[in-house]
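Source file data23.txt; content: compact mmCIF, C-alpha atoms.
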```txt
# COMPACT_ATOMS: atom_id res chain seq x y z
CA MET A 1039 -93.24 39.11 9.65
CA ARG A 1040 -92.29 36.11 11.82
CA GLN A 1041 -91.23 34.10 8.78
CA THR A 1042 -89.03 36.97 7.62
CA SER A 1043 -87.43 37.17 11.07
CA GLU A 1044 -86.64 33.43 11.05
CA GLU A 1045 -85.24 33.69 7.52
CA ASP A 1046 -83.08 36.63 8.60
CA GLN A 1047 -81.78 34.63 11.57
CA LEU A 1048 -80.99 31.66 9.32
CA ALA A 1049 -79.20 33.95 6.87
CA LYS A 1050 -77.11 35.43 9.70
CA THR A 1051 -76.20 31.95 10.90
CA ARG A 1052 -75.10 30.93 7.40
CA GLN A 1053 -73.09 34.15 7.08
CA LYS A 1054 -71.31 33.51 10.39
CA THR A 1055 -70.63 29.89 9.40
CA ARG A 1056 -68.99 31.00 6.14
CA ALA A 1057 -66.86 33.56 7.97
CA ASP A 1058 -65.95 31.17 10.80
CA PRO A 1059 -66.18 27.42 10.07
CA THR A 1060 -65.99 26.69 13.81
CA TYR A 1061 -69.16 28.70 14.56
CA MET A 1062 -72.22 26.69 15.59
CA ASP A 1063 -75.53 28.23 16.51
CA GLU A 1064 -76.44 27.75 20.18
CA SER A 1065 -79.88 26.43 19.30
CA LEU A 1066 -78.27 23.52 17.42
CA TRP A 1067 -76.26 22.54 20.51
CA GLY A 1068 -79.44 22.48 22.57
CA ALA A 1069 -81.20 20.25 20.02
CA LEU A 1070 -78.49 17.57 19.98
CA PRO A 1071 -79.39 14.26 21.69
CA ILE A 1072 -77.47 13.73 24.95
CA GLU A 1073 -75.81 10.59 23.55
CA VAL A 1074 -74.45 12.53 20.54
CA LEU A 1075 -73.29 15.40 22.70
CA ASP A 1076 -71.50 13.06 25.11
CA ARG A 1077 -69.78 11.40 22.16
CA ILE A 1078 -68.53 14.78 20.96
CA LEU A 1079 -67.28 15.70 24.43
CA ALA A 1080 -65.56 12.32 24.76
CA SER A 1081 -63.45 13.08 21.69
CA LEU A 1082 -62.15 16.39 23.03
CA PRO A 1083 -58.38 16.76 23.48
CA PHE A 1084 -57.12 16.22 27.00
CA PRO A 1085 -56.80 19.91 28.12
CA PHE A 1086 -60.38 20.76 27.12
CA LEU A 1087 -61.74 18.19 29.55
CA PHE A 1088 -60.86 20.58 32.36
CA ARG A 1089 -62.82 23.41 30.79
CA ILE A 1090 -66.06 21.51 30.30
CA ARG A 1091 -66.24 20.90 34.07
CA CYS A 1092 -66.94 24.63 34.50
CA VAL A 1093 -69.92 24.76 32.11
CA CYS A 1094 -72.63 23.07 34.15
CA LYS A 1095 -73.21 20.55 36.95
CA ARG A 1096 -73.84 17.68 34.57
CA TRP A 1097 -70.62 18.25 32.65
CA ARG A 1098 -68.71 18.54 35.92
CA THR A 1099 -69.75 15.00 36.91
CA LEU A 1100 -69.43 13.68 33.35
CA LEU A 1101 -65.78 12.68 33.82
CA ALA A 1102 -66.84 10.06 36.37
CA ASP A 1103 -69.75 8.69 34.32
CA PRO A 1104 -69.14 5.03 33.23
CA GLU A 1105 -70.80 5.51 29.83
CA PHE A 1106 -68.69 8.57 29.13
CA LEU A 1107 -65.53 6.71 30.14
CA LYS A 1108 -66.52 3.81 27.88
CA ALA A 1109 -67.02 6.15 24.93
CA ARG A 1110 -63.68 7.80 25.67
CA ALA A 1111 -61.91 4.42 25.73
CA GLU A 1112 -63.54 3.37 22.43
CA LEU A 1113 -62.17 6.48 20.75
CA LEU A 1114 -58.65 5.40 21.77
CA ALA A 1115 -57.64 8.93 22.68
CA PRO A 1116 -53.80 9.12 22.59
CA TRP A 1117 -53.49 10.91 25.93
CA ASN A 1118 -54.76 7.81 27.73
CA VAL A 1119 -51.36 6.16 27.19
CA SER A 1120 -49.10 9.21 27.08
CA LEU A 1121 -46.90 10.59 29.81
CA TYR A 1122 -46.67 14.33 30.27
CA PRO A 1123 -43.70 16.08 31.88
CA ALA A 1124 -45.14 17.96 34.85
CA VAL A 1125 -43.96 20.55 37.36
CA CYS A 1126 -45.66 21.04 40.72
CA PHE A 1127 -45.16 23.89 43.19
CA LEU A 1128 -46.20 23.30 46.78
CA SER A 1129 -46.49 26.86 48.11
CA ASP A 1130 -45.69 30.46 47.28
CA ARG A 1131 -42.90 32.60 48.71
CA ASN A 1132 -45.22 34.03 51.35
CA TYR A 1133 -45.72 30.49 52.70
CA ARG A 1134 -49.34 30.40 51.76
CA GLU A 1135 -50.30 26.80 51.25
CA GLY A 1136 -51.50 25.71 47.87
CA PHE A 1137 -50.91 23.36 44.98
CA TRP A 1138 -50.00 24.79 41.59
CA TRP A 1139 -48.98 22.52 38.77
CA ALA A 1140 -48.66 22.38 35.00
CA ALA A 1141 -48.16 19.59 32.45
CA PHE A 1142 -46.85 19.76 28.89
CA ASP A 1143 -49.28 18.59 26.21
CA PHE A 1144 -47.34 17.30 23.20
CA SER A 1145 -50.47 17.19 21.02
CA ARG A 1146 -50.77 20.99 21.26
CA ASP A 1147 -47.09 21.70 21.90
CA LYS A 1148 -47.78 23.85 24.95
CA TRP A 1149 -47.90 23.82 28.75
CA GLN A 1150 -51.31 23.44 30.33
CA ILE A 1151 -52.13 24.88 33.76
CA MET A 1152 -53.74 21.93 35.47
CA PRO A 1153 -56.86 22.02 37.67
CA SER A 1154 -56.41 22.72 41.36
CA LEU A 1155 -56.93 19.96 43.87
CA PRO A 1156 -60.26 19.55 45.69
CA GLN A 1157 -61.03 22.20 48.27
CA ASN A 1158 -61.29 19.65 51.08
CA PHE A 1159 -57.53 19.19 50.93
CA CYS A 1160 -55.77 21.59 53.27
CA GLY A 1161 -52.71 21.84 55.50
CA LYS A 1162 -49.06 21.47 54.66
CA HIS A 1163 -48.54 18.74 52.12
CA GLU A 1164 -46.01 17.06 49.90
CA LEU A 1165 -46.45 15.20 46.64
CA TYR A 1166 -45.24 11.73 47.58
CA GLY A 1167 -45.66 10.17 44.19
CA SER A 1168 -47.88 9.65 41.19
CA GLY A 1169 -48.91 6.61 39.25
CA GLY A 1170 -51.50 5.80 36.64
CA GLY A 1171 -53.11 9.24 36.86
CA LEU A 1172 -53.33 9.35 40.67
CA PHE A 1173 -51.49 11.54 43.16
CA CYS A 1174 -50.33 10.33 46.55
CA LEU A 1175 -49.96 13.20 49.01
CA GLN A 1176 -48.74 13.56 52.56
CA ALA A 1177 -51.57 15.30 54.38
CA SER A 1178 -50.33 15.77 57.95
CA LYS A 1179 -49.08 19.07 59.29
CA SER A 1180 -45.59 17.80 60.03
CA LEU A 1181 -43.47 16.02 57.44
CA ALA A 1182 -41.45 14.55 60.31
CA ASP A 1183 -44.51 12.80 61.74
CA MET A 1184 -46.41 11.21 58.87
CA LYS A 1185 -49.60 9.49 59.95
CA VAL A 1186 -52.06 9.86 57.07
CA LEU A 1187 -51.71 9.78 53.29
CA SER A 1188 -54.29 10.88 50.74
CA VAL A 1189 -54.85 9.81 47.14
CA CYS A 1190 -56.68 11.81 44.49
CA ASN A 1191 -57.35 11.87 40.79
CA PRO A 1192 -56.71 15.52 39.83
CA ILE A 1193 -58.68 15.15 36.60
CA THR A 1194 -61.95 13.81 38.03
CA ALA A 1195 -61.48 15.58 41.40
CA GLN A 1196 -62.07 12.29 43.25
CA TRP A 1197 -60.39 12.11 46.65
CA ARG A 1198 -59.72 9.55 49.40
CA ASP A 1199 -57.98 9.75 52.77
CA LEU A 1200 -56.27 6.43 53.36
CA PRO A 1201 -56.54 4.57 56.68
CA PRO A 1202 -53.96 5.51 59.34
CA LEU A 1203 -50.50 4.02 58.91
CA LEU A 1204 -49.54 1.11 61.15
CA HIS A 1205 -46.44 2.96 62.38
CA SER A 1206 -45.43 6.56 62.99
CA TRP A 1207 -43.19 7.47 60.07
CA GLY A 1208 -40.54 10.05 59.46
CA ASP A 1209 -39.70 10.82 55.84
CA PRO A 1210 -39.43 7.28 54.35
CA VAL A 1211 -36.25 6.20 52.60
CA ILE A 1212 -38.50 4.67 49.93
CA ARG A 1213 -41.96 5.78 48.86
CA HIS A 1214 -43.48 4.63 45.62
CA MET A 1215 -46.91 4.33 44.02
CA ILE A 1216 -47.69 1.52 41.56
CA MET A 1217 -50.77 1.25 39.35
CA ASP A 1218 -52.08 -2.09 38.06
CA PHE A 1219 -53.98 -1.12 34.91
CA SER A 1220 -55.45 -4.62 34.46
CA THR A 1221 -57.37 -4.35 37.75
CA SER A 1222 -57.47 -0.53 38.10
CA SER A 1223 -55.92 -0.96 41.54
CA TYR A 1224 -52.81 0.53 43.08
CA LYS A 1225 -50.26 -0.06 45.82
CA ILE A 1226 -48.23 2.40 47.89
CA ILE A 1227 -44.94 1.13 49.26
CA LEU A 1228 -43.06 2.76 52.15
CA ALA A 1229 -39.74 1.45 53.49
CA GLY A 1230 -36.90 2.70 55.66
CA ASN A 1231 -38.38 4.62 58.62
CA ARG A 1232 -36.18 7.63 59.38
CA ASN A 1233 -37.76 8.01 62.81
CA TYR A 1234 -35.25 5.36 63.87
CA GLU A 1235 -31.52 4.69 63.57
CA VAL A 1236 -30.36 2.47 60.72
CA LYS A 1237 -29.32 -0.17 63.24
CA ASP A 1238 -32.82 -0.32 64.76
CA GLU A 1239 -35.19 -3.04 63.64
CA GLU A 1240 -37.99 -0.47 63.26
CA TYR A 1241 -35.93 1.28 60.57
CA GLN A 1242 -36.29 -1.80 58.36
CA ILE A 1243 -40.10 -1.66 58.38
CA THR A 1244 -41.96 -1.91 55.08
CA GLU A 1245 -45.62 -0.94 54.84
CA VAL A 1246 -47.78 -1.59 51.80
CA TYR A 1247 -51.22 -0.16 51.04
CA ASP A 1248 -53.40 -2.23 48.70
CA SER A 1249 -56.37 -0.36 47.25
CA THR A 1250 -58.27 -3.60 46.60
CA LEU A 1251 -58.21 -4.40 50.33
CA GLN A 1252 -58.19 -0.72 51.42
CA THR A 1253 -55.79 -1.56 54.22
CA TRP A 1254 -52.12 -1.18 55.15
CA LYS A 1255 -50.11 -4.30 55.87
CA LYS A 1256 -46.64 -4.89 57.26
CA GLY A 1257 -44.22 -6.11 54.62
CA ALA A 1258 -40.79 -7.72 54.48
CA LYS A 1259 -37.80 -6.14 56.18
CA PHE A 1260 -36.05 -3.50 54.10
CA LEU A 1261 -32.34 -4.11 53.44
CA PRO A 1262 -30.33 -2.25 56.12
CA SER A 1263 -27.21 -0.09 55.91
CA LEU A 1264 -27.89 1.30 52.43
CA PHE A 1265 -28.15 4.93 51.33
CA LEU A 1266 -30.60 5.84 48.57
CA PRO A 1267 -30.28 9.19 46.77
CA SER A 1268 -34.00 9.23 45.89
CA PRO A 1269 -37.10 7.71 47.51
CA LEU A 1270 -38.58 7.03 44.05
CA GLY A 1271 -37.54 3.95 42.11
CA ALA A 1272 -38.52 2.34 38.82
CA TYR A 1273 -41.26 -0.27 38.53
CA CYS A 1274 -40.49 -2.85 35.87
CA ASN A 1275 -41.82 -6.39 35.33
CA GLY A 1276 -43.22 -6.75 38.84
CA PHE A 1277 -40.13 -5.41 40.61
CA LEU A 1278 -39.41 -2.03 42.16
CA PHE A 1279 -35.76 -1.16 41.47
CA PHE A 1280 -33.40 1.24 43.27
CA LEU A 1281 -29.69 2.04 43.14
CA ALA A 1282 -28.02 2.59 46.51
CA SER A 1283 -24.60 3.02 48.10
CA ARG A 1284 -23.03 1.21 51.03
CA PRO A 1285 -21.86 2.97 54.23
CA MET A 1286 -18.91 5.35 53.75
CA SER A 1287 -19.27 5.08 49.97
CA TYR A 1288 -20.52 7.69 47.50
CA VAL A 1289 -20.84 5.29 44.60
CA TYR A 1290 -24.39 4.12 43.89
CA ASP A 1291 -23.50 0.66 42.66
CA VAL A 1292 -25.85 -1.52 44.73
CA LEU A 1293 -28.95 -2.55 42.77
CA ILE A 1294 -31.82 -3.62 45.00
CA GLY A 1295 -35.25 -4.85 44.03
CA TYR A 1296 -38.58 -5.40 45.73
CA ASP A 1297 -40.76 -8.22 44.43
CA VAL A 1298 -44.16 -6.55 44.83
CA GLU A 1299 -46.27 -9.70 44.49
CA HIS A 1300 -44.21 -11.91 46.82
CA ASP A 1301 -43.13 -9.14 49.25
CA VAL A 1302 -39.38 -9.83 49.09
CA TRP A 1303 -36.43 -7.42 49.16
CA MET A 1304 -33.25 -8.58 47.45
CA GLU A 1305 -29.88 -7.39 46.21
CA ILE A 1306 -29.51 -7.94 42.47
CA PRO A 1307 -26.05 -8.62 40.98
CA HIS A 1308 -25.03 -6.37 38.11
CA VAL A 1309 -21.93 -4.83 36.52
CA PRO A 1310 -22.03 -0.99 36.68
CA PRO A 1311 -20.81 0.84 33.55
CA LYS A 1312 -17.32 2.30 33.73
CA GLY A 1313 -16.90 6.07 33.93
CA ILE A 1314 -20.20 6.84 35.67
CA HIS A 1315 -20.53 9.18 38.63
CA GLY A 1316 -23.15 11.20 40.46
CA ILE A 1317 -26.76 10.36 41.23
CA PRO A 1318 -28.42 7.71 39.03
CA HIS A 1319 -32.03 7.90 37.85
CA LEU A 1320 -33.85 4.67 37.05
CA PHE A 1321 -36.94 4.41 34.86
CA GLU A 1322 -38.84 1.84 32.83
CA ARG A 1323 -38.94 1.87 29.05
CA LYS A 1324 -40.93 -0.72 27.08
CA GLY A 1325 -40.54 -3.39 29.75
CA ASN A 1326 -36.83 -2.80 30.33
CA LEU A 1327 -34.92 -1.09 33.13
CA TRP A 1328 -33.02 2.04 32.09
CA MET A 1329 -30.60 4.27 33.96
CA MET A 1330 -29.66 7.90 33.37
CA ILE A 1331 -26.39 9.02 34.97
CA SER A 1332 -23.46 11.36 34.35
CA HIS A 1333 -20.82 9.56 32.29
CA LEU A 1334 -17.24 10.50 31.48
CA ARG A 1335 -15.81 9.14 28.26
CA MET A 1336 -12.10 8.44 27.97
CA GLY A 1337 -10.45 11.77 27.15
CA GLY A 1338 -13.82 13.47 26.76
CA VAL A 1339 -16.23 15.61 28.73
CA ALA A 1340 -18.90 14.44 31.13
CA ALA A 1341 -22.48 14.25 29.89
CA TYR A 1342 -25.62 12.41 30.89
CA ALA A 1343 -25.84 8.95 29.33
CA PHE A 1344 -28.57 6.32 29.20
CA PHE A 1345 -28.02 2.61 29.76
CA GLU A 1346 -30.31 -0.42 29.58
CA LEU A 1347 -29.88 -3.40 31.92
CA ASN A 1348 -29.63 -6.87 30.39
CA LEU A 1349 -30.99 -9.09 33.17
CA ASN A 1350 -29.39 -12.19 31.60
CA THR A 1351 -25.83 -10.88 31.39
CA LYS A 1352 -26.24 -8.38 34.28
CA MET A 1353 -24.52 -5.80 32.06
CA TRP A 1354 -25.64 -2.23 31.32
CA THR A 1355 -25.76 -1.52 27.58
CA PRO A 1356 -25.18 2.12 26.45
CA LYS A 1357 -28.22 3.31 24.47
CA LEU A 1358 -28.11 7.10 24.24
CA ARG A 1359 -25.99 10.10 25.18
CA MET A 1360 -27.23 13.61 25.92
CA PRO A 1361 -25.26 16.39 24.18
CA PRO A 1362 -22.82 18.12 26.58
CA ASP A 1363 -24.41 21.56 26.11
CA ILE A 1364 -27.81 20.22 27.18
CA SER A 1365 -26.29 18.20 30.04
CA GLN A 1366 -24.49 21.24 31.41
CA THR A 1367 -27.72 23.27 31.50
CA PHE A 1368 -29.09 21.02 34.25
CA ALA A 1369 -28.03 21.90 37.78
CA TYR A 1370 -30.01 18.88 38.95
CA ILE A 1371 -32.35 16.23 37.53
CA GLY A 1372 -35.89 15.98 38.85
CA SER A 1373 -37.28 13.04 36.92
CA CYS A 1374 -36.75 10.93 33.84
CA ALA A 1375 -39.49 9.06 32.00
CA ALA A 1376 -40.08 7.37 28.66
CA SER A 1377 -43.31 7.34 26.69
CA GLY A 1378 -43.56 6.00 23.15
CA ASN A 1379 -40.76 7.51 21.06
CA ARG A 1380 -40.08 10.26 23.60
CA LEU A 1381 -37.69 10.36 26.51
CA CYS A 1382 -38.33 13.30 28.85
CA VAL A 1383 -35.88 14.69 31.41
CA THR A 1384 -37.07 17.34 33.87
CA GLY A 1385 -34.92 19.38 36.21
CA GLY A 1386 -33.67 22.84 37.04
CA THR A 1387 -31.00 25.30 35.95
CA PRO A 1388 -28.45 26.96 38.25
CA TYR A 1389 -30.95 29.86 38.36
CA LYS A 1390 -33.63 27.49 39.74
CA GLU A 1391 -35.79 27.70 36.63
CA PRO A 1392 -37.60 24.47 35.66
CA VAL A 1393 -36.49 23.03 32.31
CA VAL A 1394 -37.43 19.94 30.30
CA ALA A 1395 -35.32 18.29 27.60
CA VAL A 1396 -36.96 15.77 25.27
CA TYR A 1397 -35.38 13.20 22.98
CA ASP A 1398 -37.56 12.16 20.04
CA ARG A 1399 -36.44 8.76 18.83
CA SER A 1400 -38.23 9.14 15.49
CA GLN A 1401 -36.26 12.32 14.76
CA ARG A 1402 -33.11 11.25 16.63
CA ALA A 1403 -32.84 14.73 18.11
CA TRP A 1404 -32.99 16.55 21.45
CA GLN A 1405 -35.06 19.67 22.01
CA TRP A 1406 -35.98 22.00 24.86
CA LEU A 1407 -39.64 22.41 25.72
CA PRO A 1408 -41.03 25.96 25.98
CA THR A 1409 -40.64 27.68 29.35
CA CYS A 1410 -43.09 26.50 31.98
CA PRO A 1411 -45.69 29.23 32.72
CA LEU A 1412 -45.32 28.68 36.48
CA LYS A 1413 -42.51 31.03 37.48
CA ALA A 1414 -40.05 29.84 40.08
CA SER A 1415 -39.45 33.43 41.21
CA SER A 1416 -42.91 33.69 42.78
CA LEU A 1417 -43.43 30.10 43.90
CA GLY A 1418 -41.72 27.87 46.44
CA ASP A 1419 -40.25 24.39 46.41
CA ARG A 1420 -41.23 22.27 43.45
CA VAL A 1421 -41.40 18.65 42.38
CA GLU A 1422 -40.89 17.41 38.83
CA PHE A 1423 -42.56 14.21 37.75
CA ALA A 1424 -44.20 12.39 34.85
CA PHE A 1425 -48.00 12.51 34.85
CA GLN A 1426 -50.26 10.08 33.00
CA PRO A 1427 -53.85 11.36 32.85
CA ASN A 1428 -56.41 8.63 33.50
CA LEU A 1429 -60.15 9.16 33.85
CA HIS A 1430 -60.60 5.53 34.95
CA ALA A 1431 -58.24 5.73 37.93
CA THR A 1432 -60.20 5.73 41.20
CA PRO A 1433 -58.55 6.64 44.53
```

Final structure tokens representation of the file:
Amino acid sequence: MRQTSEEDQLAKTRQKTRADPTYMDESLWGALPIEVLDRILASLPFPFLFRIRCVCKRWRTLLADPEFLKARAELLAPWNVSLYPAVCFLSDRNYREGFWWAAFDFSRDKWQIMPSLPQNFCGKHELYGSGGGLFCLQASKSLADMKVLSVCNPITAQWRDLPPLLHSWGDPVIRHMIMDFSTSSYKIILAGNRNYEVKDEEYQITEVYDSTLQTWKKGAKFLPSLFLPSPLGAYCNGFLFFLASRPMSYVYDVLIGYDVEHDVWMEIPHVPPKGIHGIPHLFERKGNLWMMISHLRMGGVAAYAFFELNLNTKMWTPKLRMPPDISQTFAYIGSCAASGNRLCVTGGTPYKEPVVAVYDRSQRAWQWLPTCPLKASSLGDRVEFAFQPNLHATP
């Protein structure tokens, strides 16, 4: 009788397997060696890594296991080097504090609701930047009195409160996070303290956090009397670049750079393209500095255009132009990032809906991504950014 029962069970398993090739009997999963099972889990697509954390305690801690990370790296999973357009909402319309965000997964052609931040994070907060798979967040209760920053890896749920800042900061003119993948370390750079007048020496303070030393240090004096439209710059070949305007000017034609290794601010000579206007957006693409900005052709209509800086000639070379109908859909630009053959532009429409336009160099075509599942009608202020998942990044 027992043999018949086992044969019946085996026959049912075979029947299910024929009907559904993805079916696998639970007893087979339990019989797999741990090393084989970990290898299978390491090959899962990026979004599924979130789901396995909910299965059991061991799988929840698996993402921080060195052997698992080694197996993942050996498999050369494409998401380890890919940037994902991401949208983050900081609170809902009822002013309840929270952190909702989503990232677009090109491998599955869909938005993924990302995991919430660790429960020990609370209070009013702002996403100050992201780099190499880490988030830098402002964790004090008042954005006008910033004293403590926190860094977390939203994938592994690892979290660290950084040491107190050396100075009491208002909203910095510049805030940027840089990841050094060769050493798995990062730096956070703050400059331009809005708690003081531009003429004050305290305004020119630069503070740098180095994760290898786990301390803040005072840096070189920030260049005074410049207005920056965005606190986020572009990190390229060891320099952090920004475009700024001089007093009483609305033209962002001053290129400044910060030499991260040698702690030096400098103004960099360049020749701005003719016909540009509005707010520029700098980003790095394959080791070169790029700029996205509204551009008016002679006798034509304005549209966003992309230029690459030649550091030898100091000239900006036109590389790409966004079609006018796509350009006019954007009421503002949130972020611009390049990854492989893709160039991703995030922003919002006049109706405050988040949108993302992507240029695929291999197809030489622009396309709109599907609508983000996080609805602006029910959520509050948002931040658009490029997110690069990284299991190896440690706060």

Looking at all atoms listed in the file, which of A:Lys1148, A:Gly1338, A:Pro1269, A:Gly1257 is the one that sits closest to His1300 (chain A)?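 The closest residue to His1300 (chain A) is A:Gly1257.
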
Quick one: distance from CA of Pro1307 (chain A) to CA of Ser1168 (chain A) in Å, one decimal? 28.5 Å

Pick from A:Ala1109, A:Gly1170, A:Asp1076, A:Phe1277 nearest to Trp1097 (chain A), counting all atoms listed in the file: A:Asp1076

Which residue of A:Gln1366, A:Asn1275, A:Ser1268, A:Gln1252 approaches Ile1317 (chain A) most closely, using only C-alpha atoms: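 Closest to Ile1317 (chain A) of all the choices is A:Ser1268.
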
Residue nearest Ala1272 (chain A) - candidates A:Leu1082, A:Leu1293, A:Cys1174, A:Val1125, atoms counted: all atoms listed in the file: A:Leu1293

The residue from A:Trp1303, A:Phe1106, A:Tyr1290, A:Phe1086 with the smallest atom-to-atom distance to His1430 (chain A), counting only C-alpha atoms, is A:Phe1106

Nearest residue to Tyr1342 (chain A) from the set A:Gly1169, A:Gly1385, A:Pro1361, A:Gly1325 (distances using all atoms listed in the file):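 Answer, going by the shortest atom-to-atom distance: A:Pro1361.
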
12 Å contact set for Thr1244 (chain A), all atoms listed in the file, chain neighbours under 4 positions out, as JSON, numbers by chain: {"A": [1203, 1204, 1205, 1207, 1210, 1211, 1212, 1213, 1214, 1226, 1227, 1228, 1229, 1230, 1231, 1232, 1239, 1240, 1254, 1255, 1256, 1257, 1258, 1259, 1260, 1261, 1262, 1296, 1298, 1301, 1302, 1303]}

Just-selected residues, C-alpha atoms written as a PDB file, in the frame of the given file:
```
ATOM      1  CA  LEU A1203     -50.500   4.020  58.910  1.00  0.00           C
ATOM      2  CA  LEU A1204     -49.540   1.110  61.150  1.00  0.00           C
ATOM      3  CA  HIS A1205     -46.440   2.960  62.380  1.00  0.00           C
ATOM      4  CA  TRP A1207     -43.190   7.470  60.070  1.00  0.00           C
ATOM      5  CA  PRO A1210     -39.430   7.280  54.350  1.00  0.00           C
ATOM      6  CA  VAL A1211     -36.250   6.200  52.600  1.00  0.00           C
ATOM      7  CA  ILE A1212     -38.500   4.670  49.930  1.00  0.00           C
ATOM      8  CA  ARG A1213     -41.960   5.780  48.860  1.00  0.00           C
ATOM      9  CA  HIS A1214     -43.480   4.630  45.620  1.00  0.00           C
ATOM     10  CA  ILE A1226     -48.230   2.400  47.890  1.00  0.00           C
ATOM     11  CA  ILE A1227     -44.940   1.130  49.260  1.00  0.00           C
ATOM     12  CA  LEU A1228     -43.060   2.760  52.150  1.00  0.00           C
ATOM     13  CA  ALA A1229     -39.740   1.450  53.490  1.00  0.00           C
ATOM     14  CA  GLY A1230     -36.900   2.700  55.660  1.00  0.00           C
ATOM     15  CA  ASN A1231     -38.380   4.620  58.620  1.00  0.00           C
ATOM     16  CA  ARG A1232     -36.180   7.630  59.380  1.00  0.00           C
ATOM     17  CA  GLU A1239     -35.190  -3.040  63.640  1.00  0.00           C
ATOM     18  CA  GLU A1240     -37.990  -0.470  63.260  1.00  0.00           C
ATOM     19  CA  TRP A1254     -52.120  -1.180  55.150  1.00  0.00           C
ATOM     20  CA  LYS A1255     -50.110  -4.300  55.870  1.00  0.00           C
ATOM     21  CA  LYS A1256     -46.640  -4.890  57.260  1.00  0.00           C
ATOM     22  CA  GLY A1257     -44.220  -6.110  54.620  1.00  0.00           C
ATOM     23  CA  ALA A1258     -40.790  -7.720  54.480  1.00  0.00           C
ATOM     24  CA  LYS A1259     -37.800  -6.140  56.180  1.00  0.00           C
ATOM     25  CA  PHE A1260     -36.050  -3.500  54.100  1.00  0.00           C
ATOM     26  CA  LEU A1261     -32.340  -4.110  53.440  1.00  0.00           C
ATOM     27  CA  PRO A1262     -30.330  -2.250  56.120  1.00  0.00           C
ATOM     28  CA  TYR A1296     -38.580  -5.400  45.730  1.00  0.00           C
ATOM     29  CA  VAL A1298     -44.160  -6.550  44.830  1.00  0.00           C
ATOM     30  CA  ASP A1301     -43.130  -9.140  49.250  1.00  0.00           C
ATOM     31  CA  VAL A1302     -39.380  -9.830  49.090  1.00  0.00           C
ATOM     32  CA  TRP A1303     -36.430  -7.420  49.160  1.00  0.00           C
TER      33      TRP A1303
END
```

Gap from CA of Leu1334 (chain A) to CA of Leu1347 (chain A) - Å, one decimal: 18.8 Å

Taken to one decimal, the CA of Ile1294 (chain A)-CA of Leu1281 (chain A) distance is 6.3 Å

Residues within 9 Å of Phe1173 (chain A), all atoms listed in the file, excluding chain neighbours under 3 positions, as a PyMOL selection string: chain A and resi 1165-1170+1188-1192+1215+1433

If you keep C-alpha atoms, can you produce a file of those selected residues as a short mmCIF file (atom, residue, chain, number, x, y, z; two decimals), in the frame of the given file?
```
data_model
loop_
_atom_site.label_atom_id
_atom_site.label_comp_id
_atom_site.auth_asym_id
_atom_site.auth_seq_id
_atom_site.Cartn_x
_atom_site.Cartn_y
_atom_site.Cartn_z
CA LEU A 1165 -46.45 15.20 46.64
CA TYR A 1166 -45.24 11.73 47.58
CA GLY A 1167 -45.66 10.17 44.19
CA SER A 1168 -47.88 9.65 41.19
CA GLY A 1169 -48.91 6.61 39.25
CA GLY A 1170 -51.50 5.80 36.64
CA SER A 1188 -54.29 10.88 50.74
CA VAL A 1189 -54.85 9.81 47.14
CA CYS A 1190 -56.68 11.81 44.49
CA ASN A 1191 -57.35 11.87 40.79
CA PRO A 1192 -56.71 15.52 39.83
CA MET A 1215 -46.91 4.33 44.02
CA PRO A 1433 -58.55 6.64 44.53
#
```

Exercise: residues within 12 Å of coordinate (-20.9, -0.9, 38.5), counting only C-alpha atoms, as number ranges by chain: A: 1281-1283, 1289-1293, 1306-1315, 1318, 1329, 1331, 1345, 1347, 1352-1355

Residues at most 6 Å from Phe1142 (chain A), counting all atoms listed in the file, excluding those fewer than 5 positions away in the same chain, as number ranges by chain? A: 1122-1123, 1148-1150

Could you list, as a list in words, every residue within 8 Å of Asn1428 (chain A), counting all atoms listed in the file and ignoring same-chain residues fewer than 2 positions away?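 Near neighbours after the sequence-gap exclusion: Asn1118, Gly1170, Gly1171, Leu1172, Ile1193, Gln1426, His1430 and Ala1431 of chain A.
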
Starting from 5 Å padding per side, set up an axis-aligned box that covers all listed atoms of region 1242-1251 of chain A and hand over centre and edge lengths in Å, one decimal, as AutoDock Vina command-line options.
```
--center_x -47.3 --center_y -2.3 --center_z 52.5 --size_x 32.0 --size_y 14.2 --size_z 21.8
```

What's around Leu1412 (chain A) at 10 Å? Count only C-alpha atoms, leave out sequence neighbours fewer than 5 positions away in its own chain, and write the answer as a PyMOL selection string. chain A and resi 1125-1127+1138-1140+1149+1151+1391-1392+1417

Place a sphere of radius 7 Å on (-56.3, 5.5, 55.2) in the file coordinates and name every protein, DNA or RNA residue with an atom inside or on its surface, counting all atoms listed in the file; give the answer as a list in words.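 Residues found, by chain and rising number: Val1186, Leu1187, Asp1199, Leu1200, Pro1201 and Pro1202 of chain A.
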